[in-house]
Every structure is written in C-alpha cells, then in structure tokens.
$ cat work-v6.cif   # mmCIF, C-alpha atoms and all ligand atoms
data_upload
loop_
_atom_site.label_atom_id
_atom_site.label_comp_id
_atom_site.auth_asym_id
_atom_site.auth_seq_id
_atom_site.Cartn_x
_atom_site.Cartn_y
_atom_site.Cartn_z
CA MET A 1 73.62 77.94 94.08
CA GLU A 2 73.33 74.33 95.28
CA ALA A 3 75.01 72.81 98.33
CA PHE A 4 75.71 69.12 99.01
CA ASN A 5 77.09 67.42 102.11
CA ILE A 6 79.10 64.40 101.06
CA LYS A 7 81.38 62.41 103.37
CA GLY A 8 82.19 65.33 105.62
CA LEU A 9 82.69 67.81 102.78
CA LYS A 10 80.32 70.66 102.05
CA ILE A 11 80.36 71.24 98.31
CA THR A 12 78.62 74.34 97.00
CA ILE A 13 78.40 74.92 93.29
CA ASN A 14 77.68 78.23 91.55
CA LYS A 15 78.24 80.18 94.73
CA GLU A 16 78.06 83.90 94.09
CA GLY A 17 80.37 86.33 95.80
CA SER A 18 80.09 90.10 95.74
CA PRO A 19 79.83 91.52 92.19
CA TYR A 20 81.78 94.57 93.43
CA TYR A 21 85.41 94.71 94.56
CA LEU A 22 84.64 96.28 97.92
CA LYS A 23 87.30 97.23 100.45
CA VAL A 24 86.32 95.68 103.77
CA SER A 25 88.13 94.55 106.90
CA TYR A 26 86.90 90.97 106.77
CA PRO A 27 87.33 88.22 104.17
CA LEU A 28 84.88 89.01 101.39
CA TYR A 29 84.41 86.74 98.40
CA PHE A 30 84.06 88.12 94.89
CA GLU A 31 83.08 86.41 91.66
CA LYS A 32 81.28 83.11 91.04
CA PHE A 33 82.91 79.89 92.19
CA THR A 34 82.65 76.35 93.54
CA GLU A 35 83.41 76.02 97.23
CA ILE A 36 84.52 72.97 99.18
CA GLU A 37 84.57 73.26 102.93
CA THR A 38 86.36 70.76 105.17
CA GLU A 39 86.59 70.75 108.95
CA ASP A 40 89.64 73.08 108.82
CA TYR A 41 89.76 74.82 105.45
CA ILE A 42 87.70 76.50 102.77
CA PHE A 43 88.78 75.90 99.16
CA ARG A 44 87.38 78.01 96.35
CA PHE A 45 87.66 77.03 92.70
CA ASP A 46 87.15 79.27 89.68
CA LEU A 47 84.71 78.53 86.87
CA ASN A 48 87.38 76.35 85.18
CA ASN A 49 87.56 74.35 88.45
CA ARG A 50 91.07 75.64 89.20
CA ILE A 51 91.97 76.27 92.81
CA LYS A 52 91.93 80.01 93.44
CA PHE A 53 91.69 80.57 97.19
CA ILE A 54 92.54 78.53 100.28
CA GLN A 55 91.49 79.90 103.62
CA GLY A 56 92.01 78.45 107.09
CA LYS A 57 89.00 78.11 109.42
CA LYS A 58 91.01 77.62 112.60
CA LYS A 59 94.47 79.08 111.90
CA ARG A 60 95.20 82.47 110.35
CA ILE A 61 91.49 83.19 110.04
CA GLY A 62 90.80 86.07 107.69
CA GLU A 63 93.97 85.43 105.70
CA GLN A 64 94.11 83.48 102.49
CA PHE A 65 96.27 82.11 99.71
CA LYS A 66 95.40 82.95 96.14
CA LEU A 67 96.61 81.31 92.94
CA ASN A 68 96.42 83.97 90.23
CA CYS A 69 95.98 83.44 86.50
CA ALA A 70 99.76 83.42 85.99
CA SER A 71 99.97 80.57 88.54
CA ASP A 72 101.72 82.67 91.21
CA TRP A 73 100.70 82.03 94.80
CA ILE A 74 99.98 85.23 96.72
CA TYR A 75 99.51 85.33 100.46
CA TYR A 76 96.92 87.86 101.62
CA CYS A 77 98.11 88.94 105.04
CA ALA A 78 95.54 90.83 107.10
CA ALA A 79 98.11 91.71 109.81
CA GLY A 80 95.26 91.85 112.30
CA TYR A 81 93.64 94.60 110.17
CA LYS A 82 95.99 97.02 111.89
CA GLY A 83 97.64 99.70 109.82
CA VAL A 84 97.89 98.05 106.40
CA TYR A 85 95.16 100.34 105.04
CA SER A 86 97.19 103.50 105.77
CA PHE A 87 100.02 102.19 103.64
CA LEU A 88 98.18 100.55 100.76
CA GLY A 89 94.59 101.80 100.77
CA GLU A 90 93.65 98.11 101.10
CA TYR A 91 92.97 95.89 104.10
CA TYR A 92 95.34 93.14 102.92
CA LEU A 93 99.05 93.10 102.43
CA PRO A 94 99.75 91.00 99.33
CA CYS A 95 102.92 88.93 99.85
CA PHE A 96 104.60 87.24 96.93
CA GLY A 97 106.85 84.23 96.63
CA TYR A 98 109.05 85.99 94.04
CA ALA A 99 109.85 89.25 95.82
CA LYS A 100 110.30 90.47 99.35
CA ASN A 101 107.67 92.85 100.61
CA PRO A 102 109.66 96.08 101.19
CA LEU A 103 107.13 97.37 103.70
CA PHE A 104 107.49 94.56 106.22
CA ASP A 105 110.57 92.86 104.81
CA ILE A 106 108.85 89.52 104.37
CA TYR A 107 108.31 87.00 101.61
CA GLY A 108 104.83 85.79 100.80
CA TYR A 109 105.03 82.79 103.02
CA ASP A 110 107.38 80.75 105.01
CA THR A 111 108.01 77.57 103.09
CA LYS A 112 106.80 75.40 105.97
CA PHE A 113 103.37 76.99 105.87
CA LEU A 114 103.08 76.69 102.09
CA LYS A 115 104.26 73.06 102.11
CA ASN A 116 101.65 72.30 104.71
CA LEU A 117 99.03 73.96 102.57
CA PHE A 118 99.94 71.75 99.61
CA ARG A 119 99.66 68.71 101.85
CA VAL A 120 96.23 69.91 102.93
CA PHE A 121 95.22 70.34 99.30
CA LEU A 122 96.51 66.86 98.36
CA LYS A 123 94.51 65.40 101.23
CA LEU A 124 91.42 67.08 99.82
CA VAL A 125 92.14 65.55 96.39
CA LYS A 126 92.34 62.08 98.03
CA ARG A 127 88.96 62.64 99.66
CA LEU A 128 87.53 63.81 96.33
CA GLU A 129 88.84 60.67 94.59
CA HIS A 130 87.01 58.63 97.19
CA ILE A 131 83.82 60.60 96.57
CA ILE A 132 83.87 59.78 92.83
CA LYS A 133 83.94 56.07 93.64
CA SER A 134 80.97 56.13 95.97
CA ASN A 135 78.85 59.12 94.97
CA THR A 136 75.91 58.77 92.61
CA LEU A 137 75.33 62.46 91.90
CA ASN A 138 76.54 62.92 88.35
CA GLU A 139 76.78 66.71 88.51
CA ILE A 140 79.07 66.59 91.55
CA ASN A 141 81.17 63.80 90.08
CA GLN A 142 81.83 65.83 86.95
CA ILE A 143 83.02 68.85 88.92
CA VAL A 144 85.10 66.72 91.27
CA LYS A 145 86.77 64.93 88.34
CA ALA A 146 87.58 68.28 86.72
CA ILE A 147 88.99 69.63 90.00
CA ILE A 148 91.31 66.61 90.31
CA THR A 149 92.48 66.92 86.69
CA VAL A 150 93.09 70.67 86.35
CA ASN A 151 94.84 71.07 89.70
CA SER A 152 97.63 68.55 89.29
CA VAL A 153 101.17 69.96 89.60
CA GLN A 154 101.69 69.32 85.86
CA ALA A 155 98.43 71.02 84.87
CA ILE A 156 99.27 74.14 86.91
CA LYS A 157 102.76 74.25 85.36
CA LYS A 158 101.35 73.84 81.85
CA ARG A 159 98.91 76.67 82.43
CA ALA A 160 101.70 78.95 83.65
CA GLU A 161 103.63 78.18 80.45
CA GLU A 162 100.60 78.91 78.30
CA PHE A 163 100.09 82.27 80.04
CA ASP A 164 103.76 83.11 79.53
CA GLN A 165 103.49 82.27 75.85
CA ILE A 166 100.41 84.43 75.24
CA THR A 167 101.82 87.38 77.16
CA SER A 168 105.36 87.00 75.71
CA GLY A 169 107.02 86.16 79.00
CA GLY A 170 104.45 87.37 81.50
CA VAL A 171 103.58 90.83 82.74
CA THR A 172 106.54 92.22 84.70
CA VAL A 173 104.49 94.90 86.44
CA LEU A 174 100.86 95.97 86.81
CA PRO A 175 99.73 99.53 87.54
CA PRO A 176 99.10 100.19 91.25
CA ASP A 177 95.52 101.20 90.44
CA CYS A 178 94.80 97.51 89.70
CA ARG A 179 94.42 97.16 93.49
CA HIS A 180 90.87 98.46 92.97
CA VAL A 181 89.96 95.15 91.26
CA ASP A 182 92.20 92.90 93.34
CA TYR A 183 94.59 92.68 90.34
CA GLU A 184 91.99 90.61 88.49
CA VAL A 185 92.80 92.02 85.07
CA ILE A 186 93.16 90.44 81.65
CA PRO A 187 96.51 91.64 80.27
CA LEU A 188 96.70 92.60 76.61
CA ASN A 189 99.77 94.20 75.05
CA ILE A 190 99.14 96.95 72.52
CA SER A 191 102.76 98.09 72.49
CA SER A 192 106.13 96.99 73.75
CA GLY A 193 109.11 98.72 75.34
CA CYS A 194 109.14 102.28 76.61
CA LEU A 195 110.42 105.76 75.73
CA TYR A 196 113.12 106.35 78.32
CA ASN A 197 114.68 103.07 79.47
CA CYS A 198 115.63 104.75 82.74
CA GLY A 199 118.74 103.49 84.51
CA PHE A 200 117.05 102.78 87.85
CA CYS A 201 114.11 100.74 86.53
CA SER A 202 113.99 97.04 87.38
CA VAL A 203 110.94 96.13 85.27
CA LYS A 204 111.95 97.52 81.89
CA LYS A 205 112.72 95.21 79.01
CA GLY A 206 115.33 97.61 77.67
CA THR A 207 113.73 97.86 74.24
CA LYS A 208 112.52 100.90 72.33
CA PHE A 209 108.83 101.74 72.27
CA LYS A 210 106.93 99.92 69.50
CA ASN A 211 103.24 99.81 68.57
CA ARG A 212 101.70 96.41 67.94
CA SER A 213 99.49 95.82 64.93
CA ILE A 214 95.75 95.53 65.41
CA THR A 215 95.88 92.09 63.69
CA ASP A 216 98.31 90.80 66.34
CA ILE A 217 96.24 92.32 69.14
CA LEU A 218 93.01 90.71 67.86
CA TYR A 219 94.83 87.38 67.64
CA ASP A 220 95.87 87.74 71.30
CA ILE A 221 92.28 88.54 72.28
CA LYS A 222 91.27 85.19 70.77
CA ARG A 223 94.03 83.33 72.61
CA LEU A 224 93.24 85.04 75.92
CA LYS A 225 89.56 84.24 75.56
CA ARG A 226 90.47 80.57 75.12
CA PHE A 227 92.90 80.72 78.05
CA TYR A 228 90.38 82.20 80.53
CA SER A 229 87.63 80.00 79.10
CA ALA A 230 84.54 79.67 81.37
CA ASP A 231 86.13 81.81 84.09
CA ILE A 232 86.06 84.84 81.79
CA ALA A 233 82.58 85.40 83.24
CA ASN A 234 84.37 86.54 86.43
CA TYR A 235 86.42 89.22 84.65
CA ASN A 236 85.53 92.76 83.65
CA SER A 237 88.86 94.56 83.77
CA LEU A 238 91.55 94.99 81.18
CA PHE A 239 95.20 96.00 81.42
CA LEU A 240 96.59 97.45 78.20
CA GLY A 241 100.33 96.82 78.24
CA GLU A 242 103.15 97.17 78.18
CA HIS A 243 104.95 100.01 79.97
CA ASP A 244 103.60 103.01 78.05
CA ALA A 245 100.35 102.06 76.34
CA LEU A 246 99.30 105.72 76.44
CA ASN A 247 102.00 106.35 73.84
CA ALA A 248 100.35 103.91 71.41
CA GLU A 249 98.30 105.26 68.51
CA SER A 250 94.97 106.57 69.82
CA LYS A 251 93.10 104.46 67.28
CA ILE A 252 94.77 101.30 68.58
CA ILE A 253 93.99 102.14 72.24
CA ILE A 254 90.31 102.78 71.57
CA GLU A 255 89.75 99.96 69.05
CA THR A 256 91.45 97.46 71.36
CA ALA A 257 89.45 98.51 74.41
CA LYS A 258 86.19 98.19 72.46
CA ALA A 259 87.12 94.86 70.86
CA ALA A 260 88.22 93.37 74.21
CA TYR A 261 85.05 94.58 75.94
CA ASN A 262 82.89 92.87 73.31
CA LYS A 263 84.89 89.70 72.73
CA PHE A 264 85.48 89.01 76.44
CA GLY A 265 81.79 89.70 77.08
CA PHE A 266 82.44 92.18 79.89
CA GLN A 267 78.82 93.36 79.66
CA TYR A 268 77.76 89.87 80.89
CA SER A 269 80.42 89.56 83.60
CA HIS A 270 79.45 88.58 87.12
CA MET A 271 81.54 91.57 88.24
CA LYS A 272 80.18 95.08 87.83
CA ASN A 273 81.91 98.36 86.90
CA PRO A 274 84.33 97.45 84.08
CA THR A 275 87.73 99.06 84.51
CA LEU A 276 90.56 99.76 82.11
CA PHE A 277 94.17 100.21 83.26
CA LEU A 278 97.22 101.47 81.46
CA PHE A 279 100.61 102.96 82.12
CA GLY A 280 101.68 106.23 80.58
CA SER A 281 104.84 108.29 80.57
CA VAL A 282 105.28 112.00 81.20
CA SER A 283 105.83 112.56 77.45
CA SER A 284 102.88 110.46 76.31
CA LEU A 285 100.58 112.27 78.75
CA ILE A 286 101.79 115.71 77.62
CA ASN A 287 101.49 114.78 73.94
CA ALA A 288 98.13 112.97 74.09
CA LYS A 289 95.38 114.83 72.24
CA ASP A 290 91.99 115.84 73.64
CA GLU A 291 90.26 113.48 71.19
CA LEU A 292 91.88 110.48 72.88
CA PHE A 293 90.55 111.46 76.31
CA GLU A 294 87.12 112.25 74.84
CA ALA A 295 87.05 108.75 73.32
CA LEU A 296 88.34 107.08 76.51
CA ASN A 297 85.76 108.91 78.57
CA SER A 298 82.92 107.54 76.46
CA LEU A 299 84.06 103.89 76.64
CA PRO A 300 82.06 101.53 78.87
CA PHE A 301 85.06 101.48 81.26
CA TYR A 302 86.32 103.64 84.11
CA THR A 303 89.91 104.24 83.00
CA TYR A 304 92.96 104.57 85.23
CA ILE A 305 96.19 105.84 83.67
CA ASN A 306 99.27 105.59 85.84
CA ILE A 307 102.16 107.92 85.02
CA GLY A 308 105.76 107.27 86.11
CA MET A 309 107.04 110.65 87.37
CA GLU A 310 109.53 109.33 89.98
CA SER A 311 110.64 112.76 91.29
CA ALA A 312 110.15 116.48 90.81
CA ASP A 313 113.76 117.24 91.63
CA ASN A 314 116.26 117.65 88.78
CA SER A 315 119.25 116.10 90.55
CA THR A 316 117.21 113.04 91.58
CA LEU A 317 115.89 112.58 88.04
CA LYS A 318 119.47 112.73 86.81
CA ALA A 319 120.65 110.21 89.40
CA LEU A 320 117.80 107.88 88.42
CA GLN A 321 118.85 108.26 84.78
CA LYS A 322 115.37 109.40 83.83
CA PRO A 323 115.78 111.83 80.93
CA LEU A 324 113.30 114.43 82.24
CA LEU A 325 113.40 117.76 84.03
CA PHE A 326 111.24 119.38 86.70
CA GLN A 327 109.38 121.44 84.03
CA ASN A 328 108.28 118.21 82.29
CA ILE A 329 107.03 116.69 85.56
CA LYS A 330 105.17 119.90 86.45
CA GLU A 331 103.52 120.08 83.02
CA ALA A 332 102.41 116.43 83.23
CA PHE A 333 101.10 116.94 86.77
CA GLU A 334 99.06 119.98 85.71
CA LYS A 335 97.60 118.05 82.80
CA MET A 336 96.79 115.17 85.17
CA LEU A 337 94.83 117.57 87.42
CA PHE A 338 93.05 119.12 84.45
CA LEU A 339 92.01 115.73 82.99
CA ASN A 340 90.90 114.37 86.36
CA GLN A 341 88.67 117.37 86.78
CA LYS A 342 87.31 117.35 83.24
CA TYR A 343 86.53 113.65 82.69
CA MET A 344 84.20 111.68 84.92
CA ASN A 345 85.40 108.28 83.71
CA ILE A 346 89.13 108.90 83.67
CA GLU A 347 91.54 109.01 86.59
CA ILE A 348 95.23 109.72 86.20
CA THR A 349 97.58 108.77 89.04
CA ALA A 350 101.32 109.31 89.49
CA ASN A 351 104.27 107.24 90.71
CA PHE A 352 107.28 108.42 92.65
CA VAL A 353 110.19 106.49 94.09
CA MET A 354 111.64 106.24 97.57
CA GLY A 355 114.86 104.87 99.03
CA ASN A 356 117.33 105.72 101.77
CA MET A 357 119.88 106.99 99.23
CA LEU A 358 117.54 109.72 97.96
CA SER A 359 117.94 113.28 99.22
CA ASP A 360 115.54 115.39 101.28
CA ARG A 361 115.20 117.61 98.21
CA HIS A 362 113.57 114.69 96.40
CA TYR A 363 110.95 114.17 99.10
CA GLN A 364 110.33 117.93 99.43
CA SER A 365 109.81 118.12 95.66
CA ILE A 366 107.00 115.55 95.85
CA ILE A 367 105.35 117.43 98.73
CA GLU A 368 105.58 120.79 96.94
CA LEU A 369 104.19 119.30 93.73
CA SER A 370 101.22 117.86 95.63
CA LYS A 371 100.58 121.20 97.33
CA SER A 372 100.61 123.03 94.00
CA ALA A 373 97.38 121.16 93.17
CA GLY A 374 95.43 123.40 95.52
CA LYS A 375 91.78 122.45 95.35
CA SER A 376 91.99 121.11 91.81
CA SER A 377 92.68 117.47 92.73
CA TYR A 378 88.97 116.88 93.47
CA GLY A 379 89.91 113.75 95.40
CA LYS A 380 91.11 112.04 92.22
CA GLY A 381 94.64 111.11 91.28
CA ALA A 382 96.58 109.29 93.97
CA PHE A 383 100.35 109.48 94.44
CA TYR A 384 101.98 106.04 94.62
CA ILE A 385 105.36 105.74 96.29
CA SER A 386 107.47 102.85 95.17
CA PRO A 387 110.45 101.69 97.29
CA LEU A 388 113.37 101.24 94.89
CA GLU A 389 114.01 97.57 94.34
CA LYS A 390 117.40 96.17 95.30
CA SER A 391 118.26 99.45 97.06
CA GLY A 392 118.63 97.65 100.38
CA THR A 393 116.42 100.27 102.05
CA PRO A 394 115.33 98.80 105.40
CA SER A 395 111.58 98.32 105.92
CA SER A 396 111.74 100.53 109.04
CA TYR A 397 112.92 103.43 106.82
CA VAL A 398 110.18 102.72 104.24
CA GLN A 399 107.45 102.73 106.90
CA LYS A 400 108.66 105.87 108.70
CA LYS A 401 109.49 107.92 105.63
CA PHE A 402 106.28 106.93 103.88
CA LEU A 403 104.04 107.89 106.81
CA TRP A 404 105.83 111.24 107.06
CA LEU A 405 105.35 111.77 103.31
CA LYS A 406 101.70 110.71 103.45
CA ASN A 407 101.05 113.20 106.23
CA SER A 408 102.86 115.99 104.36
CA CYS A 409 101.39 115.47 100.87
CA ALA A 410 98.24 117.19 99.70
CA MET A 411 97.21 114.22 97.54
CA PRO A 412 96.00 110.72 98.56
CA THR A 413 99.29 108.85 98.96
CA TYR A 414 99.92 105.10 99.08
CA ILE A 415 102.76 102.62 98.83
CA TYR A 416 103.12 100.88 95.48
CA LEU A 417 104.21 97.25 95.66
CA ILE A 418 105.40 95.98 92.30
CA GLN A 419 103.08 93.11 91.44
CA ARG A 420 103.54 90.95 88.37
CA LEU A 421 101.21 88.66 86.49
S1 LIG A 501 110.37 103.70 84.66
FE1 LIG A 501 108.91 103.51 82.97
S2 LIG A 501 109.87 104.65 81.29
FE2 LIG A 501 111.48 104.29 82.79
S3 LIG A 501 112.43 102.36 82.11
FE3 LIG A 501 110.87 101.80 83.60
S4 LIG A 501 109.10 101.36 82.35
FE4 LIG A 501 110.49 102.52 81.05
#
$ encode --input "work-v6.cif" --output "structure tokens"
Amino acid sequence: MEAFNIKGLKITINKEGSPYYLKVSYPLYFEKFTEIETEDYIFRFDLNNRIKFIQGKKKRIGEQFKLNCASDWIYYCAAGYKGVYSFLGEYYLPCFGYAKNPLFDIYGYDTKFLKNLFRVFLKLVKRLEHIIKSNTLNEINQIVKAIITVNSVQAIKKRAEEFDQITSGGVTVLPPDCRHVDYEVIPLNISSGCLYNCGFCSVKKGTKFKNRSITDILYDIKRLKRFYSADIANYNSLFLGEHDALNAESKIIIETAKAAYNKFGFQYSHMKNPTLFLFGSVSSLINAKDELFEALNSLPFYTYINIGMESADNSTLKALQKPLLFQNIKEAFEKMLFLNQKYMNIEITANFVMGNMLSDRHYQSIIELSKSAGKSSYGKGAFYISPLEKSGTPSSYVQKKFLWLKNSCAMPTYIYLIQRL
C-alpha cells in the first residue's frame, strides 16, 4: 500500500480491505482497491480502476453508494444501525434504483441525492485531470488516467452492455444467501429456464428447463474472465444460474464449479472462503443423488443451495400456481435438514412468500414446517421470506407480519429482497 498527498487529494494505491465478508455495524472495506479521499468524500476504485464505492465523510456517514459489476447503483442504507439486522441478517439495507424496497417502501435513492453524487464525482474527475498536467509521479498519473477513462458515462454504459451480452440479458435474481458475500459473485449459467413456471413468479423467463453444454459454459468462463480482468483477484464466489441449476446434470455442476475455481484463480483471490451459490427446486432437491452432494461437499467451496418452497399449504400453492403439494414440500424440507446435518460444506436454505392477500393458513404452515425440524436444523438452513412483488402489500404489513413470523418460526428467518445483477 502506498499513499500520496497531491493537491488536497489523498490517493492510496493497493489498499487492502478485509479478506473476509464480515458482518459489522460500521463501514468495513473488503477487497483490494485504490482510494481517493477528498475533504468531503471517500471514493474507492476496483482493480480495473472503476468506481465501486462512494462514501460521504460529513453527510450520511456510514452509508455508501456501490456500483456493481452489472453497473447498477445500490445505496447501502445503515438506517442508524437500528433494526435492519433483525429483518435481513445484515447491518445494511440495500436499496436499488430499479425496484422499491418492500420493507421500507423506498427506492434506492432520491434522485436529488444521486444527481449530487454524480456532480461530486465529476468534480473529482476535474481535479484528477489537473493532477495529470502538473504531477510528475508516473505511477499515479497512469492510475489517474485510467480512472478518468473507464468511468466516463459512455464507458459505464458499454460495460453494462457487455455484461448483459455475456449473461444473456443479465441475472434477474440472485439467491438470498449471496448476502454472505455482499452479492459479489461471478454469475455463470449452466442451465436456463425452470421446471414449474409458476404463475406468481416475477423473475421467471417462462421457458422450459434446459441444460447448457459444457463447451458453451467454458466459453462463458473465458468471456467472464476477460470481463472481470484485473479485478478478478477480488472475487472468490460463483453463482451457478439460472433458476434451477440443481436440476442440471451432476457432471455439469461439478465440472463447471471446478473449472471456474481454477480459471478464475479463486485460490489466489484476496478474499478468503470461496463460496458457491445455486438455486434449486423442490423436485431437483428430492431427485438429486447422494453422489452429487458427496462431490459438492469435497469441492473447495462452501455451497449454498436455495430452494423455492413458497408455502406448505395446499390452497396457497394452488393460488400461486405452483404445481406442488404439501407432501412434496415436506419431503424436500426433510431432505434439506438431512443434508445440512450430513455435509459440513453444504447448506440448503428455503424460500417462502408473503403478502397481505395470503391466508393465515399459509403463515401457520410455514411455522409448523419449521417446528417439525425439532433439533435437526443444527443452526443451518435459514428460511427466507419474500414479499410478493407487485402485490401492493404495504411495508407496515411486511414489517409486522415478518417480525411475528420470525418470532414464531423455529428456524433462522430473514426477509429476502430480490436483487439482480
Ligand atoms: S418460483 Fe422458481 S420454479 Fe417457479 S417460476 Fe419462479 S423461478 Fe421458476
């Protein structure tokens, strides 16, 4: 790490943040980055010199804006570190520009604040341009030039388009377990579509489940490696998409995880504890063979598999147009408990929905299911509760009902906010 004070700016290169994604109630930096500190703001740039975080020093201290790899701005609201943890299991409430946060009924940012932030960033660019003219330190000049080039409006737009192209239109939803790595995952599709195409679902593509060929997957690994470029050294987590990767052929799941680990160089990452994430369905979990879990358990990853159960009540499943019955949900839940107990490096979690149009029977069914676990949950396997999108459920209902559910369930229970990439 080297720090330079130039014309009122403190520029630190190769600054190292925590190599672990810790959950703390203060702003903690992860990864390796370049930092520029002005009188009022701290700007952090990734290893490709792209802006990644902007944090105020005087206003909204502790809160920050993040530009993710899909070029979405996300506002990390600390809400005074009061209460957010009970809902999300995290100290920050991520707020997006593309969807209202159902918990507090807010968008990621009021436009005025974001516009001001862009102005602040443009001012920084002006100061950096001035530095290039007068500074004699070659190393700094090179970084500053790169920062100016890769952060133009056009460059950010181009990068978003490139990401969209590689991921075939972006990732519509990430598993809730990705919160454990601050959603810093490399997405790689090993399949497309899903088994049920449920009526209620707002993230489905409406296509039948299809495996992808290993040749296509390896080609995407190459493209992703090029896309992340130098900043790949800050990644160690992989999301195998799309909506039911657990239903893909076992050979494809395991070969892809191994190939990605090696090609992305996760063993050399600045971040420790590589993590693998995938979605699964009730059917794919029930049908998956022991050999798959044996193989997953011996990978150099801790693997989270998130299963969409939605309800354990037959009439709710019918109303959601999810072609499953209580017996299927119960069987999948029992297998989840069994696998969580058996495998040290695998954790299966479950999703359920909430909304003010759903009956008490639905909520009671989730509570009873959780209680049937007895002591066999071993602290693994959270329940994630997802407010139904476009249901018009008021945030006051979401907060109250969720806290009641959390206090009634015999499993760790959190709100699931649909986050895309
Ligand atoms: S809930 Fe899951 S299985 Fe149902 S349509 Fe959505 S992605 Fe497909």
$ residues_near_ligand --input "work-v6.cif" --ligand "ligand LIG 501 (chain A)" --cutoff "8 Å" --atoms "only C-alpha atoms and all ligand atoms" --output "JSON, numbers by chain"
{"A": [193, 194, 195, 196, 197, 198, 199, 200, 201, 202, 203, 204, 205, 206, 243, 244, 281, 308, 310, 322]}
$ atom_distance --input "work-v6.cif" --atom1 "atom CA of Asn5 of chain A" --atom2 "atom CA of Ile143 of chain A"
14.5 Å
$ closest_residue --input "work-v6.cif" --among "A:Ile307, A:Ala260, A:Leu103, A:Ile232" --to "Val398 of chain A" --atoms "all atoms listed in the file"
A:Leu103
$ residues_around --input "work-v6.cif" --residues "Asn48 of chain A" --least-positions-apart "6" --cutoff "12 Å" --atoms "only C-alpha atoms" --output "list in words"
Asn14, Lys32, Phe33, Thr34, Cys69, Ile143, Val144, Lys145, Ala146, Ile147, Ile148, Thr149, Val150, Asn151, Arg159, Arg226, Phe227, Tyr228, Ser229, Ala230, Asp231, Ile232, Ala233 and Asn234 of chain A
$ closest_residue --input "work-v6.cif" --among "A:Asp72, A:Asp216, A:Glu63, A:Glu331" --to "Glu161 of chain A" --atoms "all atoms listed in the file"
A:Asp72
